[in-house]
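Q: One file is attached below, work-v3.txt, containing compact mmCIF, C-alpha atoms and all ligand atoms.
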# COMPACT_ATOMS: atom_id res chain seq x y z
CA MET A 2 22.63 4.02 34.11
CA ALA A 3 21.02 1.12 32.34
CA GLY A 4 17.57 2.46 32.87
CA THR A 5 15.98 1.50 29.58
CA THR A 6 12.57 0.19 30.45
CA PRO A 7 10.62 -1.97 28.02
CA ARG A 8 8.25 0.95 27.54
CA ARG A 9 11.06 3.12 26.29
CA LEU A 10 12.03 0.42 23.85
CA LEU A 11 8.48 0.25 22.55
CA LEU A 12 8.38 3.97 22.08
CA VAL A 13 11.47 3.75 19.95
CA ILE A 14 10.37 0.82 17.87
CA VAL A 15 6.85 1.93 17.11
CA PRO A 16 7.72 5.26 15.47
CA LEU A 17 10.44 3.63 13.38
CA VAL A 18 8.07 0.97 12.09
CA ALA A 19 5.32 3.48 11.45
CA VAL A 20 7.48 5.57 9.14
CA VAL A 21 8.46 2.68 6.88
CA PRO A 22 5.91 2.37 4.05
CA ALA A 23 3.93 -0.79 3.66
CA SER A 24 6.26 -3.35 2.13
CA ALA A 25 6.33 -3.77 -1.62
CA LYS A 26 3.53 -5.87 -2.98
CA ASP A 27 3.59 -8.40 -5.78
CA TYR A 28 0.44 -8.39 -7.88
CA MET A 29 -0.35 -11.65 -9.61
CA VAL A 30 -2.03 -10.43 -12.78
CA GLY A 31 -5.48 -11.98 -12.97
CA ASP A 32 -4.99 -13.49 -9.54
CA SER A 33 -5.55 -17.25 -9.71
CA SER A 34 -6.61 -17.03 -13.35
CA GLY A 35 -3.21 -15.82 -14.39
CA TRP A 36 -2.59 -14.31 -17.82
CA LYS A 37 -4.92 -15.91 -20.36
CA SER A 38 -7.87 -15.24 -22.61
CA GLY A 39 -11.28 -14.57 -21.19
CA VAL A 40 -10.30 -12.62 -18.10
CA ASP A 41 -11.41 -9.05 -17.52
CA TYR A 42 -8.07 -7.46 -16.64
CA ALA A 43 -9.52 -3.99 -16.54
CA ALA A 44 -11.77 -5.15 -13.74
CA TRP A 45 -8.83 -6.88 -12.09
CA ALA A 46 -6.68 -3.75 -12.16
CA LYS A 47 -9.45 -1.39 -11.12
CA GLY A 48 -8.89 0.17 -7.72
CA LYS A 49 -5.63 -1.62 -7.03
CA PRO A 50 -3.12 0.74 -5.38
CA PHE A 51 -0.13 -0.03 -7.57
CA ALA A 52 2.85 1.79 -6.14
CA ILE A 53 6.49 2.26 -6.94
CA GLY A 54 8.41 -0.74 -5.67
CA ASP A 55 5.56 -3.16 -6.29
CA THR A 56 5.86 -5.85 -8.94
CA LEU A 57 3.52 -7.40 -11.47
CA SER A 58 3.69 -11.13 -11.91
CA PHE A 59 2.41 -12.58 -15.17
CA GLN A 60 1.89 -16.35 -15.13
CA TYR A 61 0.88 -17.89 -18.44
CA SER A 62 1.13 -20.87 -20.73
CA SER A 63 3.50 -21.03 -23.69
CA ALA A 64 0.63 -19.94 -25.93
CA HIS A 65 0.93 -16.44 -24.53
CA SER A 66 3.42 -13.68 -24.09
CA VAL A 67 3.65 -10.33 -22.37
CA LEU A 68 4.29 -7.28 -24.49
CA GLU A 69 4.67 -3.88 -22.96
CA VAL A 70 3.27 -1.42 -25.47
CA SER A 71 2.33 2.20 -25.90
CA GLU A 72 -1.07 3.48 -24.91
CA ALA A 73 -2.04 3.68 -28.58
CA ASP A 74 -0.95 0.10 -29.27
CA HIS A 75 -2.76 -1.04 -26.16
CA GLY A 76 -5.91 0.60 -27.42
CA ALA A 77 -5.50 -0.80 -30.90
CA CYS A 78 -4.24 -4.21 -29.80
CA SER A 79 -1.20 -3.75 -31.98
CA ALA A 80 1.63 -6.14 -31.19
CA SER A 81 3.88 -4.99 -34.00
CA ASN A 82 5.91 -2.44 -32.08
CA PRO A 83 6.30 -3.48 -28.45
CA LEU A 84 8.44 -1.48 -26.06
CA ARG A 85 9.43 -4.71 -24.40
CA SER A 86 8.66 -8.33 -25.07
CA HIS A 87 8.56 -11.13 -22.54
CA GLN A 88 8.13 -14.87 -22.89
CA GLY A 89 8.82 -17.90 -20.76
CA GLN A 90 5.49 -18.33 -18.95
CA SER A 91 6.55 -16.32 -15.94
CA THR A 92 7.34 -12.65 -16.11
CA THR A 93 7.90 -10.25 -13.27
CA ILE A 94 7.65 -6.56 -14.01
CA PRO A 95 9.06 -4.16 -11.41
CA LEU A 96 7.04 -0.98 -11.13
CA THR A 97 9.83 1.53 -10.86
CA LYS A 98 8.13 4.82 -11.57
CA ALA A 99 4.81 6.60 -11.51
CA GLY A 100 2.62 6.54 -14.57
CA THR A 101 0.55 4.13 -16.60
CA ARG A 102 2.02 1.08 -18.29
CA TYR A 103 0.30 -1.02 -20.89
CA PHE A 104 0.59 -4.74 -21.48
CA ILE A 105 -0.95 -7.01 -24.07
CA CYS A 106 -0.50 -10.58 -25.19
CA GLY A 107 1.41 -10.92 -28.44
CA ALA A 108 -0.43 -13.96 -29.73
CA PRO A 109 -2.75 -13.09 -32.63
CA GLY A 110 -6.25 -12.27 -31.45
CA HIS A 111 -5.52 -12.63 -27.77
CA CYS A 112 -5.44 -8.93 -27.00
CA ALA A 113 -8.74 -8.48 -28.75
CA SER A 114 -10.18 -11.27 -26.65
CA GLY A 115 -9.19 -9.53 -23.47
CA MET A 116 -5.48 -10.07 -22.84
CA LYS A 117 -4.69 -6.44 -22.25
CA VAL A 118 -4.17 -4.49 -19.10
CA ALA A 119 -3.29 -0.95 -18.12
CA ILE A 120 -1.48 -0.47 -14.84
CA THR A 121 -1.43 2.96 -13.25
CA VAL A 122 1.33 3.38 -10.71
CA SER A 123 0.80 6.14 -8.21
CA GLY A 124 3.56 8.53 -7.26
CA GLY A 125 6.01 7.34 -4.68
CA GLY A 126 7.04 8.76 -1.34
CA GLY A 127 4.25 10.20 0.77
CA GLY A 128 1.78 10.72 -2.01
CA GLY A 129 0.25 7.30 -1.73
CA SER A 130 -3.10 8.33 -0.30
CA SER A 131 -4.61 5.33 -2.02
CA SER A 132 -2.76 3.01 0.31
CA ALA A 133 -4.69 0.60 2.43
CA ASP A 134 -4.24 2.55 5.63
CA ASN A 135 -5.98 5.83 4.93
CA THR A 136 -8.55 5.80 7.67
CA ALA A 137 -9.02 9.14 9.33
CA THR A 138 -6.99 12.16 8.31
CA PRO A 139 -6.55 12.36 4.54
CA SER A 140 -4.77 15.64 4.94
CA GLY A 141 -1.12 15.75 4.02
CA PRO A 142 1.67 13.79 2.48
CA SER A 143 2.48 12.34 5.90
CA VAL A 144 -0.82 10.49 6.14
CA ARG A 145 0.82 7.27 7.17
CA ALA A 146 2.71 8.83 10.05
CA THR A 147 -0.21 10.79 11.43
CA ASN A 148 -2.62 7.93 11.07
CA THR A 149 -0.59 5.39 12.93
CA LYS A 150 0.43 7.74 15.68
CA PRO A 151 -2.86 8.15 17.54
CA ALA A 152 -3.40 4.41 17.69
CA SER A 153 0.04 3.57 18.93
CA GLY A 154 0.21 6.64 21.10
CA GLY A 155 -3.02 5.75 22.85
CA ALA A 156 -1.86 2.23 23.36
CA THR A 157 1.60 2.81 24.67
CA THR A 158 1.74 6.16 26.41
CA THR A 159 -0.70 5.29 29.12
CA ASP A 160 1.11 7.04 31.95
CA GLU A 161 2.14 10.02 29.91
CA SER A 162 -0.37 12.78 29.40
CA ASP A 163 -2.99 11.34 27.13
CA SER A 164 -4.94 14.55 27.28
CA SER A 165 -4.21 15.87 23.83
CA ALA A 166 -7.37 15.19 21.95
CA ALA A 167 -6.46 18.30 20.03
CA GLY A 168 -4.74 17.74 16.77
CA SER A 169 -2.75 14.83 15.49
CA GLY A 170 0.10 17.21 14.80
CA ALA A 171 0.76 17.52 18.51
CA ARG A 172 0.60 13.77 18.85
CA LEU A 173 3.00 13.35 16.00
CA ALA A 174 5.41 15.78 17.57
CA MET A 175 5.11 13.96 20.88
CA GLY A 176 5.65 10.64 19.23
CA LEU A 177 8.77 11.86 17.52
CA LEU A 178 9.96 13.35 20.79
CA PHE A 179 9.47 10.10 22.65
CA GLY A 180 11.14 8.25 19.84
CA ALA A 181 14.11 10.56 19.94
CA ALA A 182 14.30 10.37 23.71
CA GLY A 183 14.15 6.61 23.65
CA LEU A 184 16.76 6.47 20.95
CA ALA A 185 19.00 8.74 23.00
CA ALA A 186 18.46 6.49 26.01
CA ILE A 187 19.58 3.48 24.02
CA MET A 188 22.47 5.17 22.30
CA GLY A 189 23.70 6.84 25.49
CU CU B 201 -2.33 -14.79 -25.16
Let me see the file written as structure tokens.
A:
Amino acid sequence: MAGTTPRRLLLVIVPLVAVVPASAKDYMVGDSSGWKSGVDYAAWAKGKPFAIGDTLSFQYSSAHSVLEVSEADHGACSASNPLRSHQGQSTTIPLTKAGTRYFICGAPGHCASGMKVAITVSGGGGGGSSSADNTATPSGPSVRATNTKPASGGATTTDESDSSAAGSGARLAMGLLFGAAGLAAIMG
């Protein structure tokens, strides 16, 4: 009874991979410019899909620092009451929860000359509609699953009934079914 065809294996693997969210991303603040004066960090941060699990990486010279501050202190460039203070020319900030976090440089005048950035982290789980892979159906919290299913389904289930042009929900259900069946085949 070792009848596990390669196709079955594929059907198992694809759904499992599709469900796992895109791997955590590390954002180098300022990209190749790093953390220094004269960079427009608002422009840098704009539109970036910061998500829970991602990290910020600040790379800077010893002239600078990274202070996490309140929204008010970010707006006022006040370094006198930081929530957290980082030095050492390389600082990695894990984005552990949804919300906006504010960072400025603690060196006098640097925040005013642009060393300030606000990072808005979107909610975790399925809510990440701002992820890179929102192509067709921006409908529910399971956007990732439904989006990837038609592509993989069309590619792999050639001999199965490919007739269902109606509704990605049916395709999703089918995909899960095939996945479960394949899993059962492997387990059993
Ligand atoms: Cu600075």
Q: What gap, in Å, lies between CA of Ala64 (chain A) and CA of Ala113 (chain A)?
A: 15.1 Å
Q: Residues of chain A that approach ligand CU 201 (chain B) to 12 Å or less, counting only C-alpha atoms and all ligand atoms: could you list each one with the shortest pair of atoms and its distance in Å to one decimal, rows by chain and increasing residue number, as a tab-separated table?
A:
residue	atom	partner	partner_atom	distance
A:Gly35	CA	B:CU201	CU	10.9
A:Trp36	CA	B:CU201	CU	7.4
A:Lys37	CA	B:CU201	CU	5.6
A:Ser38	CA	B:CU201	CU	6.1
A:Gly39	CA	B:CU201	CU	9.8
A:Val40	CA	B:CU201	CU	10.9
A:Phe59	CA	B:CU201	CU	11.3
A:Gln60	CA	B:CU201	CU	11.0
A:Tyr61	CA	B:CU201	CU	8.1
A:Ser62	CA	B:CU201	CU	8.3
A:Ser63	CA	B:CU201	CU	8.7
A:Ala64	CA	B:CU201	CU	6.0
A:His65	CA	B:CU201	CU	3.7
A:Ser66	CA	B:CU201	CU	6.0
A:Val67	CA	B:CU201	CU	8.0
A:Leu68	CA	B:CU201	CU	10.0
A:Cys78	CA	B:CU201	CU	11.7
A:Ala80	CA	B:CU201	CU	11.3
A:His87	CA	B:CU201	CU	11.8
A:Gln88	CA	B:CU201	CU	10.7
A:Gln90	CA	B:CU201	CU	10.6
A:Phe104	CA	B:CU201	CU	11.1
A:Ile105	CA	B:CU201	CU	8.0
A:Cys106	CA	B:CU201	CU	4.6
A:Gly107	CA	B:CU201	CU	6.3
A:Ala108	CA	B:CU201	CU	5.0
A:Pro109	CA	B:CU201	CU	7.7
A:Gly110	CA	B:CU201	CU	7.8
A:His111	CA	B:CU201	CU	4.7
A:Cys112	CA	B:CU201	CU	6.9
A:Ala113	CA	B:CU201	CU	9.7
A:Ser114	CA	B:CU201	CU	8.7
A:Gly115	CA	B:CU201	CU	8.8
A:Met116	CA	B:CU201	CU	6.1
A:Lys117	CA	B:CU201	CU	9.2
Q: So the first atom is CA of Ser33 (chain A) and the second is CA of Leu57 (chain A); what is the distance between them in Å, to one decimal place?
A: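 Computed distance, CA of Ser33 (chain A) to CA of Leu57 (chain A), equals 13.5 Å.
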Q: Please list as a ChimeraX atom specification every residue within 10 Å of Ser58 (chain A), counting all atoms listed in the file and excluding residues in the same chain fewer than 2 positions away.
A: /A:27-32,35-36,55-56,60-61,91-95
Q: How many Å separate CA of Lys98 (chain A) from CA of Pro83 (chain A)?
A: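 Taking CA of Lys98 (chain A) as the start and CA of Pro83 (chain A) as the end point, the length is 18.9 Å.
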